[in-house]
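Everything below belongs to coords.txt, which stores compact mmCIF, C-alpha atoms and all ligand atoms.
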```txt
# COMPACT_ATOMS: atom_id res chain seq x y z
CA MET A 27 242.73 63.96 92.75
CA GLY A 28 246.08 64.15 94.56
CA GLY A 29 247.01 62.92 98.08
CA ALA A 30 246.13 66.04 100.04
CA GLU A 31 242.83 66.57 98.21
CA ALA A 32 241.77 62.95 98.47
CA GLU A 33 242.51 62.91 102.21
CA PHE A 34 240.65 66.18 102.66
CA ALA A 35 237.56 64.77 100.94
CA GLN A 36 237.77 61.56 102.92
CA ARG A 37 238.15 63.29 106.28
CA TRP A 38 235.70 66.12 105.90
CA GLY A 39 233.53 65.18 102.93
CA GLY A 40 233.29 67.71 100.09
CA ASN A 41 236.14 69.03 98.03
CA ALA A 42 238.94 71.32 99.09
CA ALA A 43 238.51 74.83 97.72
CA ARG A 44 242.21 75.20 97.03
CA VAL A 45 245.44 73.23 96.93
CA ILE A 46 248.57 75.08 97.86
CA ARG A 47 252.16 74.02 97.19
CA ALA A 48 254.75 75.37 99.67
CA PRO A 49 258.31 74.37 98.76
CA GLY A 50 261.42 73.78 100.83
CA ARG A 51 264.69 75.54 100.08
CA VAL A 52 268.39 74.99 99.77
CA ASN A 53 270.79 77.78 100.54
CA LEU A 54 273.61 77.91 98.03
CA ILE A 55 275.68 80.31 100.12
CA GLY A 56 275.26 83.03 102.77
CA GLU A 57 274.76 81.24 106.07
CA HIS A 58 273.52 83.10 109.13
CA THR A 59 273.87 86.39 107.30
CA ASP A 60 270.13 87.13 106.94
CA TYR A 61 269.39 88.30 110.49
CA ASN A 62 272.49 90.49 110.26
CA GLY A 63 271.00 92.43 107.35
CA LEU A 64 273.40 90.76 104.92
CA PRO A 65 272.51 88.83 101.77
CA VAL A 66 271.84 85.14 101.13
CA LEU A 67 271.60 83.11 97.90
CA PRO A 68 269.08 80.26 98.24
CA PHE A 69 266.73 78.57 95.78
CA ALA A 70 263.32 76.94 96.25
CA ILE A 71 263.20 73.21 95.51
CA ALA A 72 260.59 70.89 94.03
CA GLN A 73 260.18 69.01 97.34
CA SER A 74 257.13 70.66 98.90
CA HIS A 75 254.21 70.50 101.29
CA ARG A 76 250.80 70.27 99.67
CA LEU A 77 247.91 71.74 101.58
CA ALA A 78 244.30 71.07 100.62
CA VAL A 79 242.28 73.85 102.21
CA GLY A 80 238.71 74.96 102.61
CA ALA A 81 236.32 76.77 104.93
CA GLY A 82 235.10 74.77 107.92
CA ARG A 83 233.04 75.27 111.04
CA PRO A 84 232.67 78.88 112.20
CA GLY A 85 235.23 79.81 114.85
CA VAL A 86 237.25 76.60 114.45
CA ILE A 87 240.48 75.76 112.64
CA GLU A 88 241.05 72.10 111.93
CA ILE A 89 244.36 70.73 110.72
CA ALA A 90 245.22 67.17 109.78
CA ASN A 91 248.21 65.50 108.22
CA ALA A 92 248.55 62.51 105.91
CA ASP A 93 251.53 61.51 108.09
CA PRO A 94 250.22 59.99 111.33
CA ALA A 95 253.25 61.39 113.19
CA TYR A 96 251.39 64.72 113.16
CA PRO A 97 248.05 64.31 114.96
CA ALA A 98 244.93 66.13 113.82
CA LYS A 99 244.03 69.19 115.90
CA ALA A 100 241.03 71.46 116.26
CA ILE A 101 241.74 74.95 117.57
CA ARG A 102 239.30 77.72 118.34
CA VAL A 103 240.15 80.92 116.51
CA GLU A 104 240.08 82.87 119.78
CA ASP A 105 242.65 80.46 121.32
CA VAL A 106 245.13 80.67 118.52
CA GLY A 107 247.73 82.31 120.78
CA ALA A 108 247.74 79.40 123.25
CA PHE A 109 250.87 77.63 122.03
CA SER A 110 251.39 73.90 122.47
CA PRO A 111 254.65 72.52 123.92
CA ALA A 112 257.73 73.18 121.69
CA GLY A 113 257.93 70.90 118.69
CA GLU A 114 254.14 70.38 118.24
CA TRP A 115 253.16 71.06 114.66
CA ASP A 116 250.13 73.27 115.39
CA ASN A 117 252.57 75.89 116.70
CA TYR A 118 253.47 76.73 113.09
CA LEU A 119 249.80 77.39 112.34
CA ARG A 120 249.49 79.54 115.46
CA ALA A 121 252.63 81.51 114.57
CA ALA A 122 251.41 82.13 111.00
CA LEU A 123 247.98 83.35 112.12
CA LEU A 124 249.32 85.57 114.90
CA GLY A 125 251.77 87.10 112.41
CA LEU A 126 248.95 87.82 109.94
CA ARG A 127 246.85 89.28 112.71
CA ASP A 128 249.70 91.51 113.97
CA ALA A 129 250.11 92.80 110.41
CA GLY A 130 246.40 93.55 110.12
CA LEU A 131 245.96 90.98 107.35
CA LEU A 132 243.35 88.87 109.13
CA GLY A 133 240.03 90.38 109.98
CA THR A 134 236.96 88.68 111.35
CA GLU A 135 236.44 86.49 108.28
CA LEU A 136 238.39 83.58 109.76
CA GLU A 137 236.04 83.49 112.72
CA ARG A 138 233.05 83.47 110.36
CA ARG A 139 234.30 80.93 107.84
CA GLY A 140 236.51 78.61 109.90
CA LEU A 141 239.37 76.78 108.22
CA ARG A 142 240.29 73.22 107.33
CA VAL A 143 243.76 72.26 106.17
CA LEU A 144 244.98 68.83 105.18
CA VAL A 145 248.74 68.63 104.76
CA ALA A 146 250.43 65.94 102.67
CA SER A 147 254.16 66.41 102.46
CA GLY A 148 256.91 65.50 100.05
CA LEU A 149 259.31 67.64 102.05
CA PRO A 150 261.16 65.81 104.81
CA ALA A 151 261.37 67.47 108.23
CA ARG A 152 264.52 67.96 110.34
CA VAL A 153 267.00 67.63 107.47
CA GLY A 154 267.61 71.37 107.03
CA LEU A 155 265.32 72.00 104.02
CA SER A 156 263.20 74.46 105.95
CA SER A 157 260.09 72.35 106.19
CA SER A 158 258.91 74.39 109.18
CA SER A 159 259.01 77.75 107.39
CA ALA A 160 257.32 76.16 104.37
CA LEU A 161 254.56 75.04 106.71
CA VAL A 162 254.21 78.55 108.15
CA VAL A 163 253.94 79.93 104.61
CA GLY A 164 251.45 77.22 103.61
CA PHE A 165 249.20 77.86 106.62
CA ALA A 166 249.30 81.61 106.05
CA LEU A 167 248.33 81.21 102.39
CA ALA A 168 245.57 78.82 103.42
CA ALA A 169 244.03 81.41 105.76
CA LEU A 170 244.46 84.29 103.32
CA HIS A 171 242.87 82.40 100.44
CA VAL A 172 239.96 81.03 102.42
CA CYS A 173 239.28 84.55 103.76
CA GLU A 174 239.85 86.05 100.29
CA VAL A 175 242.43 88.54 101.51
CA ARG A 176 244.72 90.10 98.92
CA TYR A 177 248.40 90.19 99.78
CA ASP A 178 251.76 91.16 98.39
CA ARG A 179 254.33 88.37 98.46
CA LEU A 180 257.26 90.52 99.54
CA GLU A 181 255.25 92.06 102.34
CA LEU A 182 253.98 88.62 103.37
CA ALA A 183 257.55 87.27 103.50
CA GLU A 184 258.47 90.02 105.97
CA VAL A 185 255.38 89.38 108.05
CA LEU A 186 256.02 85.64 108.22
CA ALA A 187 259.72 85.97 109.07
CA GLU A 188 258.64 87.97 112.09
CA ALA A 189 255.76 85.56 112.79
CA GLU A 190 258.08 82.60 113.09
CA HIS A 191 259.69 84.20 116.13
CA TYR A 192 256.53 83.09 117.92
CA VAL A 193 257.89 79.54 117.92
CA GLY A 194 260.91 80.79 119.88
CA THR A 195 263.64 80.84 117.23
CA ARG A 196 265.20 84.19 116.36
CA GLY A 197 265.67 83.31 112.68
CA GLY A 198 266.06 85.68 109.76
CA GLY A 199 263.85 86.01 106.70
CA MET A 200 265.58 83.82 104.14
CA ASP A 201 263.36 80.76 104.32
CA GLN A 202 259.95 82.42 104.11
CA THR A 203 261.11 84.75 101.32
CA VAL A 204 262.51 82.07 99.04
CA CYS A 205 259.51 79.83 99.74
CA LEU A 206 257.19 82.62 98.55
CA LEU A 207 259.28 84.11 95.75
CA GLY A 208 261.44 81.27 94.37
CA ARG A 209 261.70 81.16 90.59
CA PRO A 210 262.40 78.10 88.39
CA GLY A 211 265.98 78.02 87.08
CA HIS A 212 267.07 80.82 89.44
CA ALA A 213 268.66 81.32 92.80
CA LEU A 214 267.51 84.44 94.68
CA ARG A 215 269.89 87.01 96.03
CA ILE A 216 267.91 88.24 99.00
CA ASP A 217 268.88 91.23 101.08
CA PHE A 218 267.21 92.34 104.29
CA PHE A 219 266.08 95.45 106.15
CA PRO A 220 264.69 96.42 103.68
CA LEU A 221 263.78 93.11 102.06
CA GLN A 222 264.93 92.95 98.43
CA VAL A 223 264.91 90.04 96.02
CA GLU A 224 266.97 89.66 92.87
CA PRO A 225 266.62 86.44 90.82
CA VAL A 226 269.97 85.19 89.50
CA PRO A 227 269.97 82.53 86.72
CA PHE A 228 271.35 79.21 87.95
CA GLU A 229 271.60 76.89 85.00
CA GLY A 230 274.39 75.17 83.14
CA ASP A 231 276.32 71.94 83.06
CA VAL A 232 276.28 71.46 86.85
CA GLU A 233 273.95 69.74 89.26
CA VAL A 234 273.36 70.14 92.98
CA TYR A 235 273.19 67.10 95.23
CA LEU A 236 272.30 66.95 98.89
CA ALA A 237 273.66 64.31 101.22
CA ASP A 238 271.85 63.77 104.50
CA SER A 239 274.22 63.70 107.47
CA GLY A 240 271.69 61.64 109.43
CA VAL A 241 271.86 64.19 112.27
CA HIS A 242 268.44 65.75 112.73
CA VAL A 243 268.09 69.51 113.13
CA GLU A 244 265.26 70.89 115.19
CA LYS A 245 265.59 74.63 115.09
CA SER A 246 262.62 75.22 117.37
CA GLY A 247 263.35 72.18 119.55
CA ARG A 248 266.66 70.54 120.47
CA ASN A 249 268.83 73.06 118.57
CA ARG A 250 266.95 76.17 119.59
CA SER A 251 269.49 77.55 122.04
CA GLN A 252 272.44 76.71 119.76
CA TYR A 253 270.69 78.60 116.97
CA ASN A 254 269.57 81.58 119.09
CA ARG A 255 273.07 81.98 120.48
CA ARG A 256 274.33 83.12 117.06
CA PRO A 257 272.06 86.17 116.50
CA ILE A 258 272.73 87.18 120.10
CA GLU A 259 276.49 86.95 119.62
CA CYS A 260 276.21 88.97 116.41
CA ARG A 261 274.24 91.74 118.15
CA LEU A 262 276.71 91.84 121.02
CA ALA A 263 279.63 91.84 118.58
CA LEU A 264 278.15 94.85 116.77
CA ALA A 265 277.72 96.72 120.06
CA VAL A 266 281.35 96.10 121.07
CA PHE A 267 282.49 97.03 117.56
CA GLN A 268 280.55 100.30 117.79
CA ALA A 269 281.98 101.12 121.22
CA TRP A 270 285.43 100.73 119.66
CA ALA A 271 284.42 102.87 116.65
CA ARG A 272 283.22 105.66 118.95
CA ALA A 273 286.47 105.62 120.88
CA ASN A 274 288.47 105.64 117.65
CA GLY A 275 287.07 108.63 115.80
CA ARG A 276 284.29 106.80 113.87
CA PRO A 277 281.17 107.76 115.88
CA GLU A 278 279.00 107.60 112.72
CA LEU A 279 279.30 103.79 112.71
CA ALA A 280 277.14 103.71 115.84
CA ALA A 281 274.11 104.37 113.60
CA ALA A 282 274.23 100.81 112.20
CA ARG A 283 271.36 98.63 113.48
CA TYR A 284 272.77 95.52 111.82
CA TRP A 285 276.17 94.49 110.48
CA GLY A 286 274.69 94.96 107.01
CA ASP A 287 274.12 98.70 107.61
CA LEU A 288 277.89 99.19 107.72
CA VAL A 289 278.28 98.17 104.07
CA LYS A 290 275.11 99.79 102.71
CA PRO A 291 274.49 103.50 102.09
CA PRO A 292 274.74 105.91 103.78
CA LEU A 293 277.70 104.36 105.68
CA GLY A 294 278.81 102.31 102.64
CA LEU A 295 282.07 100.82 103.94
CA THR A 296 283.63 98.03 101.90
CA HIS A 297 283.52 94.49 103.26
CA GLU A 298 287.33 94.56 103.37
CA ALA A 299 287.31 97.72 105.48
CA VAL A 300 284.89 96.18 107.98
CA SER A 301 286.83 92.90 108.03
CA SER A 302 290.07 94.70 108.75
CA MET A 303 288.54 96.59 111.70
CA ILE A 304 287.13 93.46 113.37
CA PRO A 305 290.45 92.22 114.84
CA GLN A 306 291.10 95.69 116.28
CA ALA A 307 287.63 96.11 117.73
CA LEU A 308 286.94 92.63 119.07
CA ALA A 309 289.11 90.49 121.33
CA PRO A 310 290.01 86.95 120.19
CA ILE A 311 289.04 85.47 123.53
CA PRO A 312 285.36 84.89 124.40
CA TYR A 313 283.47 87.56 126.37
CA SER A 314 281.68 86.97 129.65
CA THR A 315 278.49 88.80 130.66
CA ASP A 316 280.46 90.64 133.36
CA GLY A 317 283.06 91.70 130.83
CA LEU A 318 280.35 92.88 128.44
CA GLU A 319 278.59 94.93 131.10
CA GLU A 320 281.84 96.70 131.82
CA HIS A 321 282.81 97.07 128.17
CA LEU A 322 279.45 98.48 127.11
CA GLY A 323 278.89 100.45 130.32
CA LEU A 324 275.58 98.66 130.99
CA ARG A 325 273.90 97.36 134.10
CA GLU A 326 273.08 93.65 134.18
CA THR A 327 269.36 94.21 133.56
CA ASP A 328 270.04 96.52 130.60
CA LEU A 329 272.38 94.01 129.00
CA ARG A 330 269.74 91.34 129.43
CA GLU A 331 266.85 93.42 128.16
CA THR A 332 268.72 94.87 125.20
CA TYR A 333 270.77 91.94 123.98
CA LEU A 334 269.87 88.66 125.63
CA THR A 335 266.11 88.51 125.16
CA VAL A 336 264.81 85.56 123.14
CA GLY A 337 261.14 85.77 124.05
CA ALA A 338 258.83 87.19 126.67
CA ASP A 339 260.65 86.70 130.01
CA ASP A 340 263.12 84.40 128.30
CA TYR A 341 266.76 85.45 128.52
CA PHE A 342 269.81 83.83 127.08
CA ALA A 343 272.42 82.83 129.65
CA GLN A 344 276.17 83.13 129.05
CA PRO A 345 277.35 79.91 127.31
CA SER A 346 279.95 77.92 129.28
CA ASP A 347 282.57 78.78 126.64
CA GLY A 348 281.65 82.48 126.59
CA PHE A 349 280.37 84.70 123.77
CA LYS A 350 282.65 84.31 120.75
CA LEU A 351 282.19 87.72 119.25
CA ARG A 352 285.23 88.18 117.04
CA GLN A 353 284.79 84.78 115.37
CA ARG A 354 281.10 85.31 114.65
CA ALA A 355 281.57 88.80 113.23
CA ALA A 356 284.49 87.66 111.05
CA HIS A 357 282.29 84.91 109.60
CA VAL A 358 279.24 87.03 108.76
CA VAL A 359 281.15 89.83 107.08
CA ALA A 360 283.33 87.50 104.98
CA GLU A 361 280.34 85.27 104.20
CA ALA A 362 278.37 88.26 102.89
CA TRP A 363 281.27 89.08 100.59
CA ARG A 364 281.28 85.48 99.35
CA VAL A 365 277.60 85.86 98.48
CA GLU A 366 278.38 88.86 96.26
CA GLU A 367 281.20 86.93 94.60
CA ALA A 368 278.95 83.89 94.15
CA VAL A 369 276.35 86.03 92.36
CA GLY A 370 279.08 87.05 89.90
CA ALA A 371 280.25 83.45 89.51
CA LEU A 372 276.67 82.30 88.77
CA ARG A 373 276.19 85.00 86.16
CA ARG A 374 279.47 84.00 84.45
CA THR A 375 278.76 80.26 85.00
CA ASP A 376 282.22 80.16 86.57
CA TRP A 377 281.81 76.86 88.40
CA PRO A 378 285.38 76.51 89.75
CA GLU A 379 285.02 79.93 91.39
CA LEU A 380 281.60 79.04 92.82
CA GLY A 381 283.07 75.77 94.12
CA ARG A 382 285.92 77.62 95.80
CA LEU A 383 283.45 79.93 97.52
CA LEU A 384 281.32 77.00 98.74
CA ASP A 385 284.39 75.32 100.23
CA ALA A 386 285.49 78.56 101.91
CA SER A 387 281.99 79.05 103.32
CA HIS A 388 282.02 75.58 104.83
CA ALA A 389 285.41 76.16 106.47
CA SER A 390 284.13 79.41 107.97
CA CYS A 391 280.87 77.80 109.17
CA ARG A 392 282.93 75.05 110.77
CA ASP A 393 285.76 77.04 112.32
CA LEU A 394 284.38 80.51 113.04
CA TYR A 395 280.65 80.07 113.33
CA GLU A 396 280.88 76.55 114.77
CA ILE A 397 277.66 75.27 113.23
CA SER A 398 279.05 72.15 111.58
CA CYS A 399 279.36 68.67 113.09
CA PRO A 400 281.68 65.72 112.36
CA GLU A 401 279.07 64.00 110.17
CA LEU A 402 278.72 67.08 107.92
CA ASP A 403 282.49 67.59 107.76
CA ARG A 404 282.88 63.99 106.67
CA LEU A 405 280.40 64.45 103.83
CA VAL A 406 282.18 67.58 102.64
CA GLU A 407 285.55 65.89 102.77
CA ALA A 408 284.32 62.75 100.98
CA ALA A 409 282.70 64.87 98.27
CA GLY A 410 286.07 66.47 97.55
CA TYR A 411 287.53 63.03 96.83
CA ALA A 412 284.44 62.09 94.84
CA GLY A 413 285.00 64.97 92.41
CA ALA A 414 282.54 67.66 93.60
CA VAL A 415 283.42 71.17 92.41
CA GLY A 416 282.56 72.51 95.88
CA SER A 417 280.66 71.48 99.01
CA ARG A 418 279.29 72.95 102.19
CA LEU A 419 276.72 72.47 104.89
CA THR A 420 273.46 74.24 104.04
CA GLY A 421 270.85 75.84 106.29
CA ALA A 422 271.04 76.47 110.00
CA GLY A 423 273.71 73.80 110.56
CA PHE A 424 274.14 71.46 113.57
CA GLY A 425 273.12 68.58 111.25
CA GLY A 426 270.88 68.29 108.22
CA CYS A 427 272.31 68.14 104.73
CA ALA A 428 275.54 68.98 102.95
CA LEU A 429 275.28 70.48 99.47
CA HIS A 430 277.55 69.38 96.62
CA LEU A 431 278.07 71.16 93.31
CA VAL A 432 278.92 68.57 90.68
CA ARG A 433 279.59 68.81 86.95
CA ARG A 434 276.89 66.95 85.06
CA ALA A 435 279.49 64.85 83.24
CA ASP A 436 280.98 63.75 86.59
CA ALA A 437 277.68 63.04 88.36
CA ALA A 438 277.60 59.24 87.91
CA GLY A 439 281.19 58.90 89.19
CA PHE A 440 280.44 61.24 92.08
CA LEU A 441 277.42 59.25 93.22
CA ASP A 442 279.34 55.99 92.94
CA THR A 443 282.34 57.19 94.90
CA MET A 444 280.22 58.79 97.64
CA LYS A 445 278.36 55.52 98.19
CA ARG A 446 281.62 53.58 98.14
CA LEU A 447 283.15 55.92 100.73
CA LEU A 448 280.12 56.38 102.97
CA GLY A 449 278.03 53.28 102.44
CA GLU A 450 275.12 52.29 100.23
CA SER A 451 272.61 53.59 102.75
CA LEU A 452 273.79 57.20 102.28
CA SER A 453 270.81 59.34 101.30
CA LEU A 454 272.00 61.40 98.35
CA PHE A 455 269.51 63.20 96.13
CA ARG A 456 269.41 65.85 93.47
CA VAL A 457 267.74 69.23 93.93
CA GLY A 458 267.17 72.01 91.44
CA PRO A 459 265.87 75.58 91.52
CA SER A 460 262.07 75.51 91.37
CA GLY A 461 259.22 77.96 91.67
CA GLY A 462 257.95 79.42 94.94
CA ALA A 463 254.64 78.71 96.66
CA GLU A 464 251.67 78.48 94.32
CA ILE A 465 247.98 77.84 94.28
CA ILE A 466 247.80 74.72 92.17
CA LYS A 467 244.06 74.30 92.32
CA SER A 468 241.44 76.89 92.77
CA LEU A 469 237.70 76.34 92.31
C1 LIG B 1 267.68 79.00 109.43
C2 LIG B 1 266.92 80.32 109.60
C3 LIG B 1 267.32 81.29 108.49
C4 LIG B 1 268.84 81.44 108.43
C5 LIG B 1 269.52 80.07 108.37
C6 LIG B 1 271.02 80.15 108.44
O1 LIG B 1 267.28 78.35 108.27
O2 LIG B 1 265.54 80.11 109.53
O3 LIG B 1 266.69 82.51 108.71
O4 LIG B 1 269.30 82.20 109.51
O5 LIG B 1 269.07 79.23 109.42
O6 LIG B 1 271.54 80.78 107.32
```

What do you get writing this file as structure tokens?
Amino acid sequence: MGGAEAEFAQRWGGNAARVIRAPGRVNLIGEHTDYNGLPVLPFAIAQSHRLAVGAGRPGVIEIANADPAYPAKAIRVEDVGAFSPAGEWDNYLRAALLGLRDAGLLGTELERRGLRVLVASGLPARVGLSSSSALVVGFALAALHVCEVRYDRLELAEVLAEAEHYVGTRGGGMDQTVCLLGRPGHALRIDFFPLQVEPVPFEGDVEVYLADSGVHVEKSGRNRSQYNRRPIECRLALAVFQAWARANGRPELAAARYWGDLVKPPLGLTHEAVSSMIPQALAPIPYSTDGLEEHLGLRETDLRETYLTVGADDYFAQPSDGFKLRQRAAHVVAEAWRVEEAVGALRRTDWPELGRLLDASHASCRDLYEISCPELDRLVEAAGYAGAVGSRLTGAGFGGCALHLVRRADAAGFLDTMKRLLGESLSLFRVGPSGGAEIIKSL
């Protein structure tokens, strides 16, 4: 009996009905493109949460964690919407269940059967491996299985991407999708609105290493407003771009709901065409809210309601350095093109080309999207000296891990040099494309 199951039996007596594995993810390339309706290329990893689950007391959900940092909680089904302060782990359970309820996937069975979940994790938190989305997925699967609800994984991924907004972060759908649909030996090219998944083989004489920058990321805590700022800037950038398009004989471009709609049918522009319009449409200097109201012909309240909302009665204020619209738009459009190129490089096992794309992505994340930090930049720079084929930050940014693509034959030298440059205590570990969430035990 494994850790989660043994703890379940010890805490509640009786065996868990199911054990669920919910993996973390690493994004190879395509950062902050998902919520713009543009593709990403992540893979699921072996590092996972394990959840031992079973029915419990009617009307009550009980969660416990093998790690004492996460205290056990008992929540009444009817109070599931009463969120705890930001950062508390039961919020991920609440978000998952509200999302399922909104989508009509949870009936009255949960009330009748109750739910017990014991989490034991081999997936570290706050290092950018998406442990929070994996937890949301794990909790959702726990409820669905205990209530014997049938579900479709693609549909569930969409539901849970939306559900995670309940914790206050306006993320996209990459993490939940790859957690549910990851495939061993493959990266997934995922596109959004509508959600589409294409497995791309990722095997050959290369390995992927992650180096932990030591800077924690807390997307729904400390880094929430830094993260939320980006989707807001992208939406504003699209609105200003469309105002320009209207004034310049391209009114049809106003139909795009996301940046991705510009490059997909029916509009179907090339990435180059969009990239070349950005410097004409968007000013290089940051925009103020006053400037945006004037530019978009909106009253203050309309600007707020339409573009600056992050939650109920929660509005995003103008950052002290303004909204950097041209820089953000330039990043997402070029990054999406790099994803397409990376898919080709993977299929051809053209590692130098993939490495070049990873390096270019990092530079863009650092300079245009401003989601890097000195610790991540140092890792990327050191990895270049240590012989990596390419390196970049991975995930939301602001800390977490850097990813390094290394030829298998060079791996020992790479590890040695990295430790020599950055110290023996550097946490450097290998990750590989694994399967998505699975039910590993079912009675
Ligand atoms: C976080 C979000 C994802 C995505 C990445 C950045 O992981 O949850 O949806 O936006 O950041 O690529």

Among the residues A:Arg373, A:His171, A:Arg196, A:His430, the one that comes closest to ligand LIG 1 (chain B) [using only C-alpha atoms and all ligand atoms]
A:Arg196

Could you give me, as a PDB file with C-alpha atoms, in the frame of the given file, every polymer residue with an atom at most 6 Å away from an atom of ligand LIG 1 (chain B), counting all atoms listed in the file?
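Written out: pocket.pdb:
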```
ATOM      1  CA  GLU A  57     274.760  81.240 106.070  1.00  0.00           C
ATOM      2  CA  HIS A  58     273.520  83.100 109.130  1.00  0.00           C
ATOM      3  CA  ASP A  60     270.130  87.130 106.940  1.00  0.00           C
ATOM      4  CA  GLY A 197     265.670  83.310 112.680  1.00  0.00           C
ATOM      5  CA  GLY A 198     266.060  85.680 109.760  1.00  0.00           C
ATOM      6  CA  GLY A 199     263.850  86.010 106.700  1.00  0.00           C
ATOM      7  CA  MET A 200     265.580  83.820 104.140  1.00  0.00           C
ATOM      8  CA  ASP A 201     263.360  80.760 104.320  1.00  0.00           C
ATOM      9  CA  GLY A 421     270.850  75.840 106.290  1.00  0.00           C
ATOM     10  CA  ALA A 422     271.040  76.470 110.000  1.00  0.00           C
TER      11      ALA A 422
END
```

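Checking A:Gly286, A:Gly370, A:Pro220, A:Gly194 one by one against Asp340 of chain A, counting all atoms listed in the file, you find the shortest gap at A:Gly194.
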
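Distances here use only C-alpha atoms; by that measure, the residue among A:Gly80, A:Gly410, A:Gly323, A:Gly164 closest to Ala48 of chain A is A:Gly164.
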
Residue neighbourhood Ile304 of chain A, 9 Å, only C-alpha atoms, exclusion window fewer than 5 positions, as a PyMOL selection string
chain A and resi 267+299+309+352+355-356

The selected residues should be written to file as an mmCIF file, in the coordinates of the input (atoms: C-alpha atoms).
```
data_model
loop_
_atom_site.group_PDB
_atom_site.id
_atom_site.type_symbol
_atom_site.label_atom_id
_atom_site.label_comp_id
_atom_site.auth_asym_id
_atom_site.auth_seq_id
_atom_site.Cartn_x
_atom_site.Cartn_y
_atom_site.Cartn_z
ATOM 1 C CA PHE A 267 282.490 97.030 117.560
ATOM 2 C CA ALA A 299 287.310 97.720 105.480
ATOM 3 C CA ALA A 309 289.110 90.490 121.330
ATOM 4 C CA ARG A 352 285.230 88.180 117.040
ATOM 5 C CA ALA A 355 281.570 88.800 113.230
ATOM 6 C CA ALA A 356 284.490 87.660 111.050
#
```

Could you tell me how far atom CA of Gly50 of chain A lies from atom CA of Leu431 of chain A, in Å and to one decimal?
18.5 Å

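With only C-alpha atoms as the atoms that count, the residue of A:Val457, A:Leu54, A:Leu144, A:Val162 with the shortest distance to Pro210 of chain A is A:Val457.
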
If we count all atoms listed in the file, what is near Ala368 of chain A at a cut-off of 12 Å, once residues fewer than 3 positions away on the same chain are taken out, given as a PyMOL selection string?
chain A and resi 54-56+65-68+213-215+226-228+361-365+371-387

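Reported to one decimal place, the separation of atom CA of Ala81 of chain A from atom CA of Val172 of chain A is 6.1 Å.
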
Quick check, in Å to one decimal: how far apart do atom CA of Ser110 of chain A and atom CA of Tyr96 of chain A lie?
13.1 Å

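Omitting Val52 of chain A and its sequence neighbours fewer than 2 positions away, and counting only C-alpha atoms, the residues within 7 Å are A:Leu54, A:Pro68, A:Phe69, A:Ala70, A:Ile71, A:Leu155, A:Thr420.
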
Compile the contact shell of Gly317 of chain A as a PyMOL selection string: residues with an atom at most 12 Å away, counting all atoms listed in the file, same-chain residues fewer than 3 positions apart removed.
chain A and resi 262+266+309+311-314+320-326+329+344+348-349

Excluding same-chain residues fewer than 3 positions from segment 36-40 of chain A, what lies within 9 Å of it counting all atoms listed in the file, as a PyMOL selection string?
chain A and resi 31-33+82+90+142+144

Restricting to only C-alpha atoms, whichever of A:Val153, A:Val369, A:Leu119, A:Ala189 is closest to Ala237 of chain A is A:Val153

Which one is closest to Glu367 of chain A: A:Arg209, A:Arg51, A:Arg179, A:His297? Count only C-alpha atoms.
A:His297

List every protein, DNA or RNA residue that has at least one atom no more than 6 Å from (263.5, 87.4, 96.0) in the file's coordinates, counting only C-alpha atoms, and write the result as a VMD selection string.
chain A and resid 207 214 216 223 to 224

Based on the selection just made, write C-alpha atoms of those residues as a PDB file, in the coordinates of the input.
```pdb
ATOM      1  CA  LEU A 207     259.280  84.110  95.750  1.00  0.00           C
ATOM      2  CA  LEU A 214     267.510  84.440  94.680  1.00  0.00           C
ATOM      3  CA  ILE A 216     267.910  88.240  99.000  1.00  0.00           C
ATOM      4  CA  VAL A 223     264.910  90.040  96.020  1.00  0.00           C
ATOM      5  CA  GLU A 224     266.970  89.660  92.870  1.00  0.00           C
TER       6      GLU A 224
END
```

Generate the missing atoms of segment 69-76 of chain A up to N, CA and C atoms and report them as an mmCIF file, in the coordinates of the input.
```cif
data_model
loop_
_atom_site.group_PDB
_atom_site.id
_atom_site.type_symbol
_atom_site.label_atom_id
_atom_site.label_comp_id
_atom_site.auth_asym_id
_atom_site.auth_seq_id
_atom_site.Cartn_x
_atom_site.Cartn_y
_atom_site.Cartn_z
ATOM 1 N N PHE A 69 267.758 78.816 96.802
ATOM 2 C CA PHE A 69 266.730 78.570 95.780
ATOM 3 C C PHE A 69 265.653 77.663 96.364
ATOM 4 N N ALA A 70 264.436 77.819 95.843
ATOM 5 C CA ALA A 70 263.320 76.940 96.250
ATOM 6 C C ALA A 70 263.506 75.613 95.524
ATOM 7 N N ILE A 71 263.035 74.529 96.130
ATOM 8 C CA ILE A 71 263.200 73.210 95.510
ATOM 9 C C ILE A 71 261.832 72.591 95.206
ATOM 10 N N ALA A 72 261.863 71.529 94.411
ATOM 11 C CA ALA A 72 260.590 70.890 94.030
ATOM 12 C C ALA A 72 259.928 70.210 95.228
ATOM 13 N N GLN A 73 260.732 69.686 96.150
ATOM 14 C CA GLN A 73 260.180 69.010 97.340
ATOM 15 C C GLN A 73 259.339 70.010 98.127
ATOM 16 N N SER A 74 258.075 69.663 98.358
ATOM 17 C CA SER A 74 257.130 70.660 98.900
ATOM 18 C C SER A 74 256.100 70.030 99.829
ATOM 19 N N HIS A 75 255.452 70.894 100.617
ATOM 20 C CA HIS A 75 254.210 70.500 101.290
ATOM 21 C C HIS A 75 253.068 70.800 100.328
ATOM 22 N N ARG A 76 252.046 69.951 100.385
ATOM 23 C CA ARG A 76 250.800 70.270 99.670
ATOM 24 C C ARG A 76 249.711 70.427 100.706
#
```
